[in-house]
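Just my_file_15.txt here, compact mmCIF, C-alpha atoms and all ligand atoms:
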```txt
# COMPACT_ATOMS: atom_id res chain seq x y z
CA MET A 1 -7.46 -2.70 20.52
CA LYS A 2 -4.98 -5.24 19.13
CA SER A 3 -1.82 -3.48 17.96
CA ILE A 4 1.95 -3.95 17.95
CA LEU A 5 2.06 -0.37 19.25
CA ASN A 6 0.58 -1.38 22.60
CA ASN A 7 3.22 -1.25 25.36
CA ASN A 8 5.78 -0.12 22.78
CA PRO A 9 6.24 3.64 23.32
CA GLU A 10 9.39 3.93 21.16
CA LEU A 11 7.63 2.42 18.18
CA LYS A 12 4.41 4.31 18.88
CA HIS A 13 6.38 7.58 18.81
CA GLN A 14 7.65 6.75 15.30
CA ILE A 15 4.17 5.91 14.04
CA ASP A 16 2.67 9.02 15.69
CA GLN A 17 5.23 11.08 13.77
CA VAL A 18 4.27 9.33 10.51
CA ALA A 19 0.60 10.13 11.17
CA GLU A 20 1.41 13.76 12.03
CA VAL A 21 3.46 14.23 8.85
CA ALA A 22 0.80 12.50 6.71
CA GLY A 23 -1.71 15.05 8.07
CA TYR A 24 0.58 17.96 7.16
CA LEU A 25 1.05 16.60 3.63
CA TRP A 26 -2.70 16.46 3.14
CA GLN A 27 -3.32 19.90 4.67
CA LYS A 28 -0.67 21.46 2.45
CA GLY A 29 -2.25 20.01 -0.69
CA TRP A 30 0.84 17.93 -1.37
CA ALA A 31 -0.96 14.55 -1.18
CA GLU A 32 -3.96 14.39 -3.47
CA ARG A 33 -5.71 10.98 -3.66
CA ASN A 34 -3.07 8.31 -2.89
CA GLY A 35 -0.18 10.63 -3.80
CA GLY A 36 3.08 10.32 -1.91
CA ASN A 37 4.77 7.67 0.18
CA ILE A 38 6.39 7.21 3.55
CA VAL A 39 8.77 4.39 4.50
CA VAL A 40 10.52 4.33 7.91
CA ASN A 41 13.17 1.89 9.10
CA ILE A 42 11.95 0.86 12.58
CA THR A 43 14.39 -2.00 13.14
CA ASP A 44 15.89 -0.33 16.22
CA GLN A 45 12.50 0.15 17.90
CA ILE A 46 11.41 -3.46 17.23
CA ASN A 47 14.71 -5.02 18.28
CA TYR A 48 14.87 -2.81 21.37
CA LEU A 49 11.63 -4.26 22.61
CA TYR A 50 11.64 -7.81 21.30
CA GLY A 51 15.26 -8.57 20.44
CA CYS A 52 13.97 -11.04 17.86
CA HIS A 53 15.79 -11.90 14.68
CA SER A 54 13.25 -14.32 13.24
CA VAL A 55 9.69 -13.54 12.34
CA THR A 56 8.40 -16.67 14.08
CA ALA A 57 10.09 -15.69 17.33
CA LEU A 58 8.69 -12.18 17.01
CA GLN A 59 5.23 -13.42 16.13
CA ALA A 60 5.26 -15.70 19.17
CA ARG A 61 5.66 -12.58 21.28
CA LEU A 62 2.93 -10.73 19.43
CA PRO A 63 -0.14 -12.89 20.08
CA GLN A 64 -2.30 -9.82 19.70
CA CYS A 65 -1.40 -9.26 16.01
CA ASP A 66 -2.55 -10.94 12.80
CA SER A 67 -0.43 -13.80 11.43
CA PRO A 68 2.36 -12.90 9.02
CA THR A 69 1.61 -13.08 5.32
CA PRO A 70 3.52 -15.55 3.15
CA PRO A 71 6.71 -13.91 1.87
CA ILE A 72 6.14 -11.50 -1.00
CA GLU A 73 8.84 -10.84 -3.63
CA ILE A 74 10.47 -7.39 -3.54
CA GLY A 75 11.70 -7.76 -7.14
CA THR A 76 15.31 -7.17 -6.23
CA THR A 77 17.80 -8.43 -3.61
CA LEU A 78 18.85 -5.97 -0.90
CA PRO A 79 21.68 -7.54 1.13
CA HIS A 80 21.92 -4.78 3.75
CA LEU A 81 18.28 -5.07 4.79
CA LYS A 82 18.33 -8.68 6.06
CA GLY A 83 15.91 -8.92 9.01
CA CYS A 84 15.12 -5.19 8.97
CA TYR A 85 11.67 -3.87 9.83
CA PHE A 86 9.90 -1.01 8.06
CA PHE A 87 6.67 0.87 8.46
CA CYS A 88 5.22 1.54 4.97
CA LYS A 89 2.18 3.37 3.70
CA GLY A 90 -0.22 0.91 2.01
CA THR A 91 -0.66 0.76 -1.74
CA ASN A 92 -3.49 2.98 -2.98
CA ARG A 93 -4.01 4.34 0.54
CA ARG A 94 -4.57 8.04 1.14
CA MET A 95 -2.26 10.25 3.23
CA ARG A 96 -5.30 11.81 4.85
CA ASP A 97 -6.39 8.35 6.03
CA LEU A 98 -2.85 7.44 7.15
CA ALA A 99 -2.99 10.59 9.31
CA ARG A 100 -6.01 9.36 11.24
CA TRP A 101 -5.57 5.59 11.16
CA PRO A 102 -1.89 4.78 10.50
CA MET A 103 -2.13 1.09 11.34
CA ASP A 104 -5.15 0.59 9.04
CA ASN A 105 -3.51 2.37 6.09
CA GLY A 106 0.04 1.17 6.50
CA SER A 107 1.80 -1.91 7.82
CA ILE A 108 5.01 -3.17 9.36
CA ILE A 109 7.07 -5.51 7.21
CA ARG A 110 10.17 -7.61 7.84
CA ILE A 111 12.74 -8.32 5.13
CA THR A 112 13.31 -12.08 5.01
CA ASP A 113 16.70 -13.70 5.44
CA ASP A 114 17.11 -14.16 1.65
CA CYS A 115 16.90 -10.32 1.34
CA ALA A 116 14.57 -10.72 -1.65
CA HIS A 117 11.14 -10.98 0.04
CA TYR A 118 9.18 -9.34 2.83
CA GLU A 119 6.52 -10.50 5.27
CA ILE A 120 3.80 -8.24 6.64
CA ILE A 121 3.95 -8.72 10.40
CA ALA A 122 1.57 -6.13 11.88
CA ASP A 123 -1.04 -4.95 12.49
CA LYS A 124 -3.10 -5.89 9.43
CA PRO A 125 -2.28 -7.40 6.01
CA VAL A 126 -2.10 -4.01 4.27
CA LYS A 127 0.05 -4.40 1.12
CA PRO A 128 2.81 -1.76 1.03
CA THR A 129 3.10 0.99 -1.56
CA SER A 130 3.94 0.05 -5.16
CA GLU A 131 6.97 2.33 -4.68
CA LEU A 132 8.32 -0.02 -1.98
CA PRO A 133 11.20 -1.41 -4.10
CA SER A 134 12.46 2.12 -4.86
CA HIS A 135 12.28 3.19 -1.21
CA LEU A 136 13.94 -0.04 -0.07
CA MET A 137 16.75 0.37 -2.64
CA VAL A 138 17.46 3.74 -1.00
CA HIS A 139 17.29 2.30 2.53
CA ASN A 140 19.62 -0.55 1.47
CA ASP A 141 22.13 2.04 0.32
CA LEU A 142 21.76 4.08 3.54
CA MET A 143 22.38 0.94 5.65
CA ALA A 144 25.39 0.01 3.51
CA LYS A 145 26.90 3.45 4.21
CA GLY A 146 26.13 3.27 7.95
CA SER A 147 23.94 6.38 7.55
CA PRO A 148 21.83 7.56 10.53
CA TYR A 149 18.96 8.27 8.09
CA LYS A 150 15.91 6.09 8.79
CA ALA A 151 13.05 7.74 6.90
CA SER A 152 12.18 8.31 3.25
CA LEU A 153 9.41 10.59 2.04
CA HIS A 154 7.90 11.15 -1.38
CA THR A 155 5.39 13.96 -1.83
CA HIS A 156 4.03 16.46 -4.40
CA PRO A 157 4.78 20.02 -3.07
CA ILE A 158 2.91 22.36 -5.39
CA GLU A 159 5.32 25.29 -5.79
CA LEU A 160 8.47 23.16 -6.06
CA VAL A 161 6.86 20.97 -8.72
CA ALA A 162 5.70 24.08 -10.60
CA MET A 163 9.29 25.36 -10.69
CA THR A 164 10.46 22.18 -12.46
CA HIS A 165 8.32 23.13 -15.47
CA HIS A 166 10.91 25.81 -16.28
CA ARG A 167 13.90 24.28 -18.05
CA PRO A 168 16.60 26.71 -16.81
CA PHE A 169 15.79 25.67 -13.21
CA LEU A 170 16.71 22.07 -14.04
CA GLU A 171 20.39 22.85 -14.59
CA LYS A 172 22.55 21.55 -11.75
CA ASP A 173 22.20 23.63 -8.55
CA VAL A 174 20.37 26.57 -10.23
CA LEU A 175 17.23 25.91 -8.16
CA THR A 176 19.29 25.26 -5.02
CA ARG A 177 21.01 28.68 -5.26
CA LEU A 178 17.77 30.48 -6.06
CA LEU A 179 15.89 28.86 -3.12
CA TRP A 180 18.79 29.38 -0.70
CA SER A 181 18.78 33.09 -1.57
CA MET A 182 15.06 33.59 -0.78
CA ILE A 183 15.25 33.35 3.03
CA PRO A 184 18.18 32.57 5.38
CA GLU A 185 16.52 29.46 6.87
CA THR A 186 16.77 27.58 3.57
CA ARG A 187 20.57 27.95 3.42
CA ALA A 188 20.82 27.00 7.11
CA PHE A 189 18.40 24.07 7.29
CA CYS A 190 18.72 22.57 3.79
CA PRO A 191 22.50 22.98 3.49
CA LYS A 192 22.82 20.21 0.92
CA GLY A 193 20.33 21.78 -1.48
CA LEU A 194 18.17 20.07 -4.03
CA GLY A 195 19.27 17.39 -6.52
CA ILE A 196 17.41 17.19 -9.84
CA VAL A 197 16.21 14.09 -11.68
CA PRO A 198 14.91 14.71 -15.23
CA TYR A 199 11.40 13.39 -15.89
CA LEU A 200 11.16 9.59 -15.62
CA LEU A 201 8.19 7.25 -15.37
CA PRO A 202 6.75 7.11 -11.81
CA SER A 203 7.56 3.85 -9.98
CA SER A 204 10.23 2.90 -12.55
CA VAL A 205 13.59 1.34 -11.69
CA ALA A 206 15.21 4.11 -13.74
CA LEU A 207 13.66 6.73 -11.41
CA ALA A 208 14.81 4.82 -8.32
CA GLN A 209 18.35 4.52 -9.73
CA ALA A 210 18.55 8.20 -10.69
CA THR A 211 17.34 9.13 -7.18
CA LEU A 212 20.02 6.94 -5.62
CA ASP A 213 22.63 8.60 -7.84
CA ARG A 214 21.61 12.08 -6.59
CA LEU A 215 21.60 10.92 -2.93
CA ASN A 216 25.08 9.50 -3.45
CA GLU A 217 26.21 12.87 -4.81
CA GLY A 218 25.35 14.24 -1.35
CA TYR A 219 21.81 15.63 -1.68
CA ASP A 220 19.15 14.78 0.97
CA VAL A 221 16.26 16.07 -1.13
CA VAL A 222 15.81 15.10 -4.76
CA MET A 223 13.40 16.85 -7.12
CA TRP A 224 11.67 14.67 -9.69
CA GLU A 225 10.90 16.89 -12.70
CA LYS A 226 7.15 17.58 -13.10
CA HIS A 227 6.30 15.08 -10.34
CA GLY A 228 7.48 15.62 -6.76
CA VAL A 229 10.29 15.32 -4.24
CA PHE A 230 12.03 12.42 -2.55
CA ALA A 231 13.70 13.22 0.79
CA VAL A 232 15.67 11.22 3.36
CA ASP A 233 16.57 12.12 6.93
CA THR A 234 17.00 10.73 10.44
CA ASP A 235 13.23 10.51 10.99
CA ILE A 236 10.09 11.38 9.04
CA MET A 237 9.62 14.76 10.75
CA ALA A 238 13.13 15.86 9.76
CA ALA A 239 12.57 14.71 6.15
CA PHE A 240 9.30 16.67 6.07
CA ASP A 241 11.01 19.77 7.55
CA GLN A 242 13.55 19.88 4.74
CA VAL A 243 10.85 19.75 2.05
CA ASP A 244 8.75 22.30 3.95
CA VAL A 245 11.66 24.77 4.18
CA LEU A 246 12.49 24.39 0.48
CA ASN A 247 8.86 24.79 -0.57
CA LYS A 248 8.54 27.91 1.61
CA ALA A 249 11.41 29.43 -0.35
CA ALA A 250 9.65 28.47 -3.60
CA GLN A 251 6.47 30.19 -2.33
CA ILE A 252 8.42 33.38 -1.54
CA TYR A 253 9.90 33.37 -5.05
CA MET A 254 6.48 32.90 -6.63
CA SER A 255 4.87 35.57 -4.40
CA ALA A 256 7.48 38.08 -5.52
CA ARG A 257 6.96 37.11 -9.17
CA SER A 258 3.20 37.41 -8.83
CA MET A 259 3.65 40.94 -7.40
CA GLY A 260 5.35 41.72 -10.68
CA PHE A 261 9.06 41.77 -9.86
CA ASN A 262 12.04 39.41 -9.80
CA PRO A 263 13.10 38.92 -6.16
CA GLU A 264 16.57 40.31 -5.50
CA GLY A 265 17.69 37.34 -3.40
CA MET A 266 20.36 37.36 -0.71
CA SER A 267 23.84 38.05 -2.02
CA ASP A 268 26.54 35.37 -2.29
CA ALA A 269 28.38 37.16 0.55
CA GLN A 270 25.30 36.99 2.80
CA MET A 271 24.88 33.29 2.07
CA GLN A 272 28.57 32.68 2.67
CA GLU A 273 28.30 34.45 6.04
CA LEU A 274 25.41 32.13 6.98
CA ALA A 275 27.41 29.09 5.97
CA GLU A 276 30.28 30.21 8.20
CA VAL A 277 28.09 31.07 11.22
CA PHE A 278 26.13 27.79 10.97
CA GLY A 279 29.28 25.78 10.28
CA LEU A 280 27.87 24.41 7.00
O1 LIG B 301 2.52 6.29 -4.72
O2 LIG B 301 2.97 9.52 -5.54
O3 LIG B 301 4.53 8.65 -7.47
C1 LIG B 301 2.00 7.50 -5.01
C2 LIG B 301 2.92 8.35 -5.79
C3 LIG B 301 3.73 7.75 -6.85
ZN ZN B 302 4.30 10.75 -6.74
```

Since I need it in another form, could you write the structure as structure tokens?
Ligand code: 2HA
Ligand code: ZN
Amino acid sequence: MKSILNNNPELKHQIDQVAEVAGYLWQKGWAERNGGNIVVNITDQINYLYGCHSVTALQARLPQCDSPTPPIEIGTTLPHLKGCYFFCKGTNRRMRDLARWPMDNGSIIRITDDCAHYEIIADKPVKPTSELPSHLMVHNDLMAKGSPYKASLHTHPIELVAMTHHRPFLEKDVLTRLLWSMIPETRAFCPKGLGIVPYLLPSSVALAQATLDRLNEGYDVVMWEKHGVFAVDTDIMAAFDQVDVLNKAAQIYMSARSMGFNPEGMSDAQMQELAEVFGL
């Protein structure tokens, strides 16, 4: 079968991870219909293999793939993404389909040299998610900071979203402290906690900007009130793990509440001990 993944094990590993995570999102009930998005910066994997800095040069080495699309406007200029490659879930595509057929339900794009357009280079002309500009704004910021983070994930984890319907949990770091105190793993593996963005229209520039603001305050996972989470990490599996750990803590809280009591939670001293032992 024609695919850019052929003879490209580094890139194939990244896309296999995307497919695996997409399957988890569906199985967990976090990705109804076309809900959620995944965008991964795969520039290193493409350059490692092809060392190409122009799409024509790359395409010449990819005779097995479809021709690039004409450049499509991003809607904003992202100077740190010049010539970068991303794998993106397709617009209106389902996570459950991305899990089984990643290259039919997502595509690889290259940001053009003007930093304001992208071309779809492989495998098929699948138009990326409507949330692409928001994800790319975040990746532009990560690149500008020299961050090792390459993956961004948006999903709808049921229990975490439910908790944002309670106003006291939306105060800064209230939810973080509560979730940390439910089970030691949360403090250890989500040491930066959960940033909160008050409700904003999905896909809006305001939502993208507010998310960027929280990431710049030092959070890796940002909760969008009554909607979902946005997480960044080194790869898509690590981004998923953070959301999974936080949602597990939310499930423990809700299980305790549904048994009729308020969970006691670990003490501040116990959480402090964890922070010291794990060097957080
Ligand atoms: O793109 O979940 O919020 C699908 C979404 C948008
Ligand atoms: Zn969403």

- Message: Under the rule that only C-alpha atoms and all ligand atoms are counted, which of A:Pro70, A:Pro263, A:Gly51, A:Gly228 is the nearest residue to ligand LIG 301 (chain B)?
- Response: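 Looking at the shortest contact to ligand LIG 301 (chain B), the residue is A:Gly228.
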
Set the distance at 7 Å and use all atoms listed in the file: which residues neighbour region 229-245 of chain A once local chain neighbours fewer than 3 positions away are removed? I'd like the list as an mmCIF file with C-alpha atoms, in the frame of the given file.
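File out-v2.cif, as written:
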```
data_model
loop_
_atom_site.group_PDB
_atom_site.id
_atom_site.type_symbol
_atom_site.label_atom_id
_atom_site.label_comp_id
_atom_site.auth_asym_id
_atom_site.auth_seq_id
_atom_site.Cartn_x
_atom_site.Cartn_y
_atom_site.Cartn_z
ATOM 1 C CA GLN A 17 5.230 11.080 13.770
ATOM 2 C CA VAL A 18 4.270 9.330 10.510
ATOM 3 C CA VAL A 21 3.460 14.230 8.850
ATOM 4 C CA PRO A 148 21.830 7.560 10.530
ATOM 5 C CA TYR A 149 18.960 8.270 8.090
ATOM 6 C CA LYS A 150 15.910 6.090 8.790
ATOM 7 C CA ALA A 151 13.050 7.740 6.900
ATOM 8 C CA SER A 152 12.180 8.310 3.250
ATOM 9 C CA LEU A 153 9.410 10.590 2.040
ATOM 10 C CA HIS A 154 7.900 11.150 -1.380
ATOM 11 C CA THR A 155 5.390 13.960 -1.830
ATOM 12 C CA HIS A 156 4.030 16.460 -4.400
ATOM 13 C CA THR A 186 16.770 27.580 3.570
ATOM 14 C CA PHE A 189 18.400 24.070 7.290
ATOM 15 C CA CYS A 190 18.720 22.570 3.790
ATOM 16 C CA ASP A 220 19.150 14.780 0.970
ATOM 17 C CA VAL A 221 16.260 16.070 -1.130
ATOM 18 C CA VAL A 222 15.810 15.100 -4.760
ATOM 19 C CA MET A 223 13.400 16.850 -7.120
ATOM 20 C CA TRP A 224 11.670 14.670 -9.690
ATOM 21 C CA LYS A 248 8.540 27.910 1.610
ATOM 22 C CA ALA A 249 11.410 29.430 -0.350
#
```

- In Å and to one decimal, CA of Gly90 (chain A) is distant from CA of Ser107 (chain A) by 6.8 Å

- Message: Using only C-alpha atoms and all ligand atoms for the distances, tell me which of A:Arg33, A:His227, A:Arg177, A:Arg94 is nearest to ligand ZN 302 (chain B).
- Response: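 When distances to ligand ZN 302 (chain B) are compared using only C-alpha atoms and all ligand atoms, the smallest one comes from A:His227.
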
- Task: Enumerate as an MDAnalysis selection string the residues within 8 Å of ligand LIG 301 (chain B), counting all atoms listed in the file.
- Result: chainID A and resid 31 34:37 91:92 129:131 154:156 202:203 227:228

Using the selection just defined, write its residues with C-alpha atoms as a PDB file, in the coordinates of the input.
```pdb
ATOM      1  CA  ALA A  31      -0.960  14.550  -1.180  1.00  0.00           C
ATOM      2  CA  ASN A  34      -3.070   8.310  -2.890  1.00  0.00           C
ATOM      3  CA  GLY A  35      -0.180  10.630  -3.800  1.00  0.00           C
ATOM      4  CA  GLY A  36       3.080  10.320  -1.910  1.00  0.00           C
ATOM      5  CA  ASN A  37       4.770   7.670   0.180  1.00  0.00           C
ATOM      6  CA  THR A  91      -0.660   0.760  -1.740  1.00  0.00           C
ATOM      7  CA  ASN A  92      -3.490   2.980  -2.980  1.00  0.00           C
ATOM      8  CA  THR A 129       3.100   0.990  -1.560  1.00  0.00           C
ATOM      9  CA  SER A 130       3.940   0.050  -5.160  1.00  0.00           C
ATOM     10  CA  GLU A 131       6.970   2.330  -4.680  1.00  0.00           C
ATOM     11  CA  HIS A 154       7.900  11.150  -1.380  1.00  0.00           C
ATOM     12  CA  THR A 155       5.390  13.960  -1.830  1.00  0.00           C
ATOM     13  CA  HIS A 156       4.030  16.460  -4.400  1.00  0.00           C
ATOM     14  CA  PRO A 202       6.750   7.110 -11.810  1.00  0.00           C
ATOM     15  CA  SER A 203       7.560   3.850  -9.980  1.00  0.00           C
ATOM     16  CA  HIS A 227       6.300  15.080 -10.340  1.00  0.00           C
ATOM     17  CA  GLY A 228       7.480  15.620  -6.760  1.00  0.00           C
TER      18      GLY A 228
END
```

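With distances taken over all atoms listed in the file, A:Leu201 is the one residue among A:Ile4, A:Ile42, A:Ala256, A:Leu201 lying closest to ligand ZN 302 (chain B).
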
- Task: Using CA of Val138 (chain A) and CA of Cys115 (chain A) as the two end points, give the distance in Å to one decimal.
- Result: 14.3 Å

- Determine the nearest neighbour of Ile196 (chain A) from the options A:Ala210, A:Leu49, A:Val277, A:Met143, counting all atoms listed in the file.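 Closest candidate: A:Ala210.
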
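Distances to ligand ZN 302 (chain B) were evaluated for A:Ser204, A:Thr176, A:Gln14, A:Thr76 using only C-alpha atoms and all ligand atoms, and the minimum falls at A:Ser204.
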
- Message: Between A:Pro128, A:Gly75, A:Pro157, A:Gly279, which residue has the minimum interatomic distance to ligand ZN 302 (chain B), considering all atoms listed in the file?
- Response: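 So, comparing all the options, the nearest one is A:Pro157.
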
- Message: as a ChimeraX atom specification, please: the residues near Trp26 (chain A) (cut-off 7 Å, all atoms listed in the file, same-chain neighbours under 4 positions excluded).
- Response: /A:22,30-31,95-96

- Task: Fewer than 3 positions away in the same chain doesn't count, so skip those; otherwise give me all residues within 12 Å of Asp173 (chain A), counting only C-alpha atoms, as an NGL selection string.
- Result: :A and (168-170 or 176-180 or 192-197 or 214 or 219 or 222-223)

Around region 8-27 of chain A, fit a box with edges along x, y and z, padding it by 5 Å on each side, then list its centre and edge lengths in Å to one decimal as lines of an AutoDock Vina configuration file.
```
center_x = 3.0
center_y = 9.9
center_z = 13.2
size_x = 22.7
size_y = 30.0
size_z = 30.2
```

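Taking CA of Asn47 (chain A) and CA of Tyr85 (chain A) as the two end points, the separation is 9.1 Å.
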
- Message: Residues near Gln45 (chain A), anyone? I mean within 6 Å using only C-alpha atoms, not counting same-chain ones fewer than 3 positions away, as a list in words.
- Response: Glu10, Leu11, Ile42 and Tyr48 of chain A

- Task: Name the residues in contact with Met103 (chain A) at a cut-off of 10 Å, using all atoms listed in the file, excluding same-chain residues fewer than 5 positions from it; report them as a list in words.
- Result: Ser3, Ile4, Leu5, Ile15, Ala19, Phe87, Cys88, Lys89, Gly90, Asp97, Leu98, Ile108, Ala122, Asp123, Lys124 and Val126 of chain A
